[in-house]
>>> print(open('structure20.tsv').read())   # TSV, C-alpha atoms
chain	number	residue	atom	x	y	z
A	1370	GLY	CA	-38.75	-8.87	19.07
A	1371	TRP	CA	-40.31	-6.94	16.21
A	1372	GLN	CA	-40.92	-3.22	16.05
A	1373	SER	CA	-43.64	-1.67	13.91
A	1374	VAL	CA	-42.93	1.66	12.22
A	1375	LYS	CA	-45.21	3.63	9.88
A	1376	SER	CA	-43.93	6.37	7.62
A	1377	TYR	CA	-45.21	8.41	4.66
A	1378	ARG	CA	-43.11	8.24	1.52
A	1379	LEU	CA	-43.68	10.59	-1.40
A	1380	ILE	CA	-43.67	9.05	-4.86
A	1381	GLY	CA	-43.61	10.19	-8.48
A	1382	GLY	CA	-42.67	13.76	-9.40
A	1383	GLY	CA	-39.28	15.25	-10.04
A	1384	GLY	CA	-36.52	13.98	-12.27
A	1385	GLY	CA	-36.81	10.22	-12.42
A	1386	GLY	CA	-34.52	10.29	-15.43
A	1387	ALA	CA	-37.49	10.35	-17.80
A	1388	ARG	CA	-37.13	12.37	-20.96
A	1389	GLY	CA	-39.31	13.13	-23.94
A	1390	GLU	CA	-43.06	13.39	-24.24
A	1391	ALA	CA	-45.57	11.52	-22.14
A	1392	ARG	CA	-47.04	8.67	-24.11
A	1393	VAL	CA	-49.73	6.05	-23.96
A	1394	GLY	CA	-49.29	3.22	-26.43
A	1395	SER	CA	-52.05	1.40	-28.25
A	1396	GLY	CA	-54.84	2.38	-25.93
A	1397	ALA	CA	-53.76	2.42	-22.29
A	1398	GLY	CA	-52.64	-1.20	-22.30
A	1399	ALA	CA	-49.10	-0.81	-23.58
A	1400	ALA	CA	-48.30	2.13	-21.33
A	1401	ALA	CA	-49.88	0.47	-18.34
A	1402	GLY	CA	-47.79	-2.61	-18.94
A	1403	ASP	CA	-44.61	-0.56	-19.17
A	1404	ALA	CA	-45.43	1.32	-15.98
A	1405	ALA	CA	-46.30	-1.82	-14.07
A	1406	THR	CA	-42.94	-3.32	-14.96
A	1407	GLY	CA	-41.04	-0.20	-14.00
A	1408	GLY	CA	-40.84	1.51	-17.39
A	1409	ALA	CA	-39.29	4.87	-16.53
A	1410	HIS	CA	-40.29	6.51	-19.82
A	1411	THR	CA	-44.07	6.18	-19.51
A	1412	TRP	CA	-45.61	9.37	-18.15
A	1413	LEU	CA	-49.14	10.71	-18.47
A	1414	PHE	CA	-47.75	14.17	-17.77
A	1415	PRO	CA	-44.12	15.14	-18.53
A	1416	PRO	CA	-42.25	15.50	-15.21
A	1417	GLU	CA	-39.88	18.12	-16.60
A	1418	VAL	CA	-42.84	20.39	-17.39
A	1419	LEU	CA	-44.25	19.98	-13.90
A	1420	ALA	CA	-40.83	20.60	-12.34
A	1421	ALA	CA	-40.67	23.95	-14.13
A	1422	LEU	CA	-44.03	24.87	-12.59
A	1423	GLY	CA	-42.99	23.96	-9.06
A	1424	ARG	CA	-42.42	27.59	-8.12
A	1425	TRP	CA	-44.49	30.72	-8.66
A	1426	GLN	CA	-43.97	32.06	-12.17
A	1427	GLU	CA	-44.47	35.67	-11.09
A	1428	VAL	CA	-45.00	37.73	-7.98
A	1429	ARG	CA	-48.71	38.26	-7.42
A	1430	ARG	CA	-50.68	40.37	-5.01
A	1431	VAL	CA	-52.63	38.67	-2.26
A	1432	GLY	CA	-55.69	37.04	-3.78
A	1433	VAL	CA	-59.31	37.39	-2.78
A	1434	GLY	CA	-61.06	35.96	0.24
A	1435	LEU	CA	-63.98	33.53	0.21
A	1436	LYS	CA	-67.47	34.09	1.52
A	1437	ASN	CA	-68.96	31.64	4.00
A	1438	LEU	CA	-72.21	30.31	2.56
A	1439	GLY	CA	-73.33	28.69	5.81
A	1440	ASN	CA	-70.90	26.30	7.54
A	1441	THR	CA	-68.67	26.24	4.44
A	1442	CYS	CA	-65.51	27.27	6.28
A	1443	PHE	CA	-64.17	23.71	5.83
A	1444	LEU	CA	-64.54	24.10	2.06
A	1445	ASN	CA	-63.02	27.57	2.01
A	1446	ALA	CA	-59.97	26.34	3.92
A	1447	VAL	CA	-59.40	23.56	1.37
A	1448	LEU	CA	-59.88	25.89	-1.60
A	1449	GLN	CA	-57.38	28.39	-0.21
A	1450	CYS	CA	-54.78	25.69	0.45
A	1451	LEU	CA	-55.10	24.29	-3.07
A	1452	SER	CA	-55.12	27.75	-4.65
A	1453	TYR	CA	-51.73	28.51	-3.13
A	1454	THR	CA	-50.06	25.20	-4.02
A	1455	PRO	CA	-47.63	26.49	-6.71
A	1456	PRO	CA	-47.55	23.57	-9.21
A	1457	LEU	CA	-51.34	23.12	-9.15
A	1458	ALA	CA	-51.99	26.86	-9.32
A	1459	ASN	CA	-49.59	27.28	-12.25
A	1460	LEU	CA	-51.26	24.42	-14.13
A	1461	CYS	CA	-54.68	25.95	-13.55
A	1462	LEU	CA	-53.55	29.44	-14.55
A	1463	ARG	CA	-52.39	27.92	-17.85
A	1464	ARG	CA	-55.77	26.15	-18.16
A	1465	GLN	CA	-53.82	22.95	-18.71
A	1466	HIS	CA	-56.72	20.65	-17.88
A	1467	SER	CA	-59.80	22.35	-19.37
A	1468	GLU	CA	-58.20	22.56	-22.81
A	1469	ARG	CA	-58.21	18.76	-23.07
A	1470	CYS	CA	-61.14	17.86	-20.81
A	1471	GLY	CA	-64.07	16.15	-22.49
A	1472	ALA	CA	-66.23	15.74	-19.39
A	1473	HIS	CA	-69.98	16.32	-19.61
A	1474	GLY	CA	-71.45	17.92	-16.50
A	1475	PHE	CA	-69.54	18.71	-13.33
A	1476	CYS	CA	-65.75	18.34	-13.45
A	1477	ALA	CA	-63.93	18.96	-10.18
A	1478	TYR	CA	-60.68	19.83	-11.94
A	1479	CYS	CA	-62.34	22.31	-14.31
A	1480	GLU	CA	-64.13	24.03	-11.42
A	1481	MET	CA	-60.91	24.21	-9.43
A	1482	GLU	CA	-59.22	25.71	-12.47
A	1483	LYS	CA	-61.93	28.37	-12.80
A	1484	HIS	CA	-61.73	29.13	-9.08
A	1485	ILE	CA	-57.95	29.54	-9.05
A	1486	ASN	CA	-58.02	31.82	-12.09
A	1487	LEU	CA	-60.55	34.05	-10.34
A	1488	ALA	CA	-58.86	33.90	-6.93
A	1489	LEU	CA	-55.33	34.69	-8.12
A	1490	THR	CA	-56.08	37.28	-10.78
A	1491	ARG	CA	-58.12	39.51	-8.49
A	1492	SER	CA	-57.13	41.34	-5.34
A	1493	GLY	CA	-59.43	42.47	-2.59
A	1494	GLY	CA	-63.01	41.52	-1.93
A	1495	ALA	CA	-64.34	37.98	-1.64
A	1496	LEU	CA	-65.43	35.24	-4.03
A	1497	VAL	CA	-68.53	33.12	-3.70
A	1498	PRO	CA	-67.56	29.49	-4.51
A	1499	GLN	CA	-71.14	28.76	-5.50
A	1500	ALA	CA	-70.43	26.23	-8.25
A	1501	ILE	CA	-68.36	24.01	-5.96
A	1502	VAL	CA	-70.81	24.31	-3.08
A	1503	ARG	CA	-73.67	23.40	-5.41
A	1504	ASN	CA	-71.84	20.24	-6.49
A	1505	LEU	CA	-70.58	19.24	-3.06
A	1506	ARG	CA	-72.31	15.86	-3.23
A	1507	ALA	CA	-70.68	15.18	-6.61
A	1508	ILE	CA	-67.36	15.38	-4.78
A	1509	GLY	CA	-68.53	13.10	-1.97
A	1510	ARG	CA	-72.06	11.82	-1.41
A	1511	GLN	CA	-71.68	12.12	2.36
A	1512	PHE	CA	-71.23	15.90	2.24
A	1513	ARG	CA	-74.22	18.12	2.90
A	1514	VAL	CA	-74.62	21.83	2.19
A	1515	GLY	CA	-75.17	23.78	5.40
A	1516	ARG	CA	-73.63	21.11	7.62
A	1517	GLN	CA	-70.19	21.29	9.18
A	1518	GLU	CA	-67.83	18.80	7.55
A	1519	ASP	CA	-64.22	17.70	7.96
A	1520	ALA	CA	-61.74	19.73	5.86
A	1521	HIS	CA	-59.21	16.89	5.57
A	1522	GLU	CA	-61.87	14.49	4.34
A	1523	LEU	CA	-63.04	16.98	1.73
A	1524	LEU	CA	-59.45	17.56	0.59
A	1525	ARG	CA	-58.96	13.84	0.02
A	1526	TYR	CA	-62.20	13.48	-1.93
A	1527	LEU	CA	-61.64	16.63	-3.99
A	1528	VAL	CA	-58.08	15.69	-4.98
A	1529	ASP	CA	-59.30	12.18	-5.84
A	1530	LYS	CA	-62.03	13.59	-8.13
A	1531	MET	CA	-59.48	15.87	-9.76
A	1532	GLN	CA	-57.14	12.93	-10.25
A	1533	THR	CA	-59.92	10.93	-11.93
A	1534	ALA	CA	-60.62	13.86	-14.25
A	1535	SER	CA	-56.91	14.22	-15.01
A	1536	LEU	CA	-56.59	10.53	-15.89
A	1537	ALA	CA	-59.66	10.63	-18.13
A	1538	ALA	CA	-58.36	13.66	-20.01
A	1539	ALA	CA	-54.86	12.22	-20.40
A	1540	LEU	CA	-55.97	8.79	-21.59
A	1541	ASN	CA	-58.74	9.97	-23.88
A	1542	GLY	CA	-56.45	12.62	-25.31
A	1543	LYS	CA	-54.10	9.85	-26.39
A	1544	GLY	CA	-56.88	8.07	-28.23
A	1545	GLY	CA	-57.16	5.10	-25.90
A	1546	GLY	CA	-60.57	5.85	-24.44
A	1547	ALA	CA	-59.68	3.82	-21.36
A	1548	SER	CA	-61.54	4.19	-18.07
A	1549	PRO	CA	-59.57	5.86	-15.24
A	1550	LYS	CA	-60.75	3.05	-12.97
A	1551	ASN	CA	-58.71	0.54	-14.98
A	1552	VAL	CA	-55.45	2.49	-14.89
A	1553	PRO	CA	-52.74	0.68	-12.89
A	1554	GLN	CA	-51.47	2.52	-9.84
A	1555	ALA	CA	-47.96	2.84	-11.31
A	1556	LEU	CA	-49.32	4.69	-14.35
A	1557	ALA	CA	-51.80	6.80	-12.38
A	1558	GLU	CA	-48.93	8.14	-10.28
A	1559	THR	CA	-47.47	9.79	-13.41
A	1560	SER	CA	-50.41	12.15	-13.99
A	1561	ASP	CA	-50.04	15.80	-13.03
A	1562	LEU	CA	-52.12	15.31	-9.86
A	1563	GLY	CA	-50.36	12.04	-9.11
A	1564	GLN	CA	-46.97	13.71	-9.23
A	1565	ILE	CA	-48.07	16.65	-7.06
A	1566	PHE	CA	-50.08	14.85	-4.39
A	1567	GLY	CA	-49.19	11.17	-4.79
A	1568	GLY	CA	-47.89	9.18	-1.86
A	1569	ARG	CA	-48.00	5.82	-0.13
A	1570	LEU	CA	-48.30	4.76	3.48
A	1571	ARG	CA	-45.46	2.41	4.30
A	1572	SER	CA	-45.91	-0.02	7.20
A	1573	ARG	CA	-42.58	-1.42	8.35
A	1574	VAL	CA	-41.98	-4.25	10.79
A	1575	GLN	CA	-38.33	-4.46	11.85
A	1576	CYS	CA	-36.63	-7.30	13.68
A	1577	GLY	CA	-35.11	-6.19	16.96
A	1578	ARG	CA	-32.30	-8.74	16.64
A	1579	CYS	CA	-31.02	-8.57	13.06
A	1580	ASP	CA	-32.64	-5.22	12.11
A	1581	LYS	CA	-34.11	-6.78	8.96
A	1582	PRO	CA	-37.15	-4.75	7.82
A	1583	SER	CA	-40.35	-6.02	6.22
A	1584	ASP	CA	-42.31	-3.35	4.31
A	1585	VAL	CA	-45.88	-3.19	3.06
A	1586	CYS	CA	-46.98	-0.12	1.06
A	1587	ASP	CA	-50.59	1.00	0.76
A	1588	PRO	CA	-51.68	3.56	-1.89
>>> encode(input="structure20.tsv", output="structure tokens")
Amino acid sequence: GWQSVKSYRLIGGGGGGARGEARVGSGAGAAAGDAATGGAHTWLFPPEVLAALGRWQEVRRVGVGLKNLGNTCFLNAVLQCLSYTPPLANLCLRRQHSERCGAHGFCAYCEMEKHINLALTRSGGALVPQAIVRNLRAIGRQFRVGRQEDAHELLRYLVDKMQTASLAAALNGKGGGASPKNVPQALAETSDLGQIFGGRLRSRVQCGRCDKPSDVCDP
């Protein structure tokens, strides 16, 4: 008989043996090709830099709270979780994204960066995450201000929007001008957000007689 097992396997991040500066070749094509064929030296964000930001850089006082703007507790919970994720918080405190972002209009990553800088450099009182609440539908069209929503769903959509912004900034900064939608999965996993939050769902079917596994990974 066959047994079905599902597990979550983290990808990207850490050592990987890659050294040197992240690079994208002539446009995104060359780098994408290298990544798709397992090129270990193609990174949109240097893993050694991210590894150094994996822990808090200094001891900080407890940050501020967040005001509920009417059934926004789901949003506040997500913002607090992301604000206290060390590698993301350290990147935002360094304004790593906004310095290279060329987005016009709402950028989820830029707003998260502003929020974390306010939340972690103040102590006491409460912030009003008005800019993010106002652009809730830009994060996911199904979200409505004033209506209770699912925190996990918002987290997924917010991280995805931040990842799209990260890819756009990384690729355009290298002169390729490529669309984030056309970036191969292997290359996308090497962005800063990809290395912090990336993962795949692995479905495994294993033979009960010979123990031979058959794996299928979904992004």
>>> atom_distance(input="structure20.tsv", atom1="atom CA of A:Glu1522", atom2="atom CA of A:Ser1535")
20.0 Å
>>> atom_distance(input="structure20.tsv", atom1="atom CA of A:Phe1566", atom2="atom CA of A:Gln1554")
13.6 Å
>>> residues_around(input="structure20.tsv", residues="A:Leu1505", least_positions_apart="3", cutoff="12 Å", atoms="all atoms listed in the file", output="list in words")
Thr1441, Phe1443, Leu1444, Phe1475, Cys1476, Ala1477, Glu1480, Pro1498, Gln1499, Ala1500, Ile1501, Val1502, Ile1508, Gly1509, Arg1510, Gln1511, Phe1512, Arg1513, Val1514, Gly1515, Arg1516, Glu1518, Leu1523, Leu1524, Tyr1526, Leu1527 and Lys1530 of chain A
>>> closest_atom_pairs(input="structure20.tsv", of="stretch 1459-1575 of chain A", to="stretch 1420-1436 of chain A", cutoff="6 Å", atoms="only C-alpha atoms", output="JSON lines")
{"residue": "A:Ala1488", "atom": "CA", "partner": "A:Val1433", "partner_atom": "CA", "distance": 5.4}
{"residue": "A:Leu1489", "atom": "CA", "partner": "A:Gly1432", "partner_atom": "CA", "distance": 4.9}
{"residue": "A:Arg1491", "atom": "CA", "partner": "A:Gly1432", "partner_atom": "CA", "distance": 5.8}
{"residue": "A:Ser1492", "atom": "CA", "partner": "A:Gly1432", "partner_atom": "CA", "distance": 4.8}
{"residue": "A:Gly1493", "atom": "CA", "partner": "A:Val1433", "partner_atom": "CA", "distance": 5.1}
{"residue": "A:Gly1494", "atom": "CA", "partner": "A:Val1433", "partner_atom": "CA", "distance": 5.6}
{"residue": "A:Ala1495", "atom": "CA", "partner": "A:Gly1434", "partner_atom": "CA", "distance": 4.3}
{"residue": "A:Leu1496", "atom": "CA", "partner": "A:Leu1435", "partner_atom": "CA", "distance": 4.8}
{"residue": "A:Val1497", "atom": "CA", "partner": "A:Lys1436", "partner_atom": "CA", "distance": 5.4}
>>> closest_residue(input="structure20.tsv", among="A:Leu1540, A:Val1418, A:Leu1457, A:Leu1413", to="A:Gly1471", atoms="only C-alpha atoms")
A:Leu1540
>>> atom_distance(input="structure20.tsv", atom1="atom CA of A:Tyr1453", atom2="atom CA of A:Ile1565")
13.0 Å
>>> residues_around(input="structure20.tsv", residues="A:His1466", least_positions_apart="3", cutoff="10 Å", atoms="all atoms listed in the file", output="list in words")
Leu1460, Cys1461, Leu1462, Arg1463, Arg1469, Cys1470, Gly1471, Tyr1478, Cys1479, Glu1482, Met1531, Ala1534, Ser1535, Ala1538, Ala1539 and Asp1561 of chain A
>>> closest_residue(input="structure20.tsv", among="A:Val1528, A:Val1574, A:Leu1536, A:Cys1442", to="A:Thr1559", atoms="all atoms listed in the file")
A:Leu1536
>>> closest_residue(input="structure20.tsv", among="A:Leu1556, A:Ile1485, A:Ala1520, A:Cys1586", to="A:Pro1456", atoms="all atoms listed in the file")
A:Ile1485
>>> closest_residue(input="structure20.tsv", among="A:Glu1468, A:Leu1419, A:Thr1411, A:Cys1450", to="A:Gln1564", atoms="all atoms listed in the file")
A:Leu1419
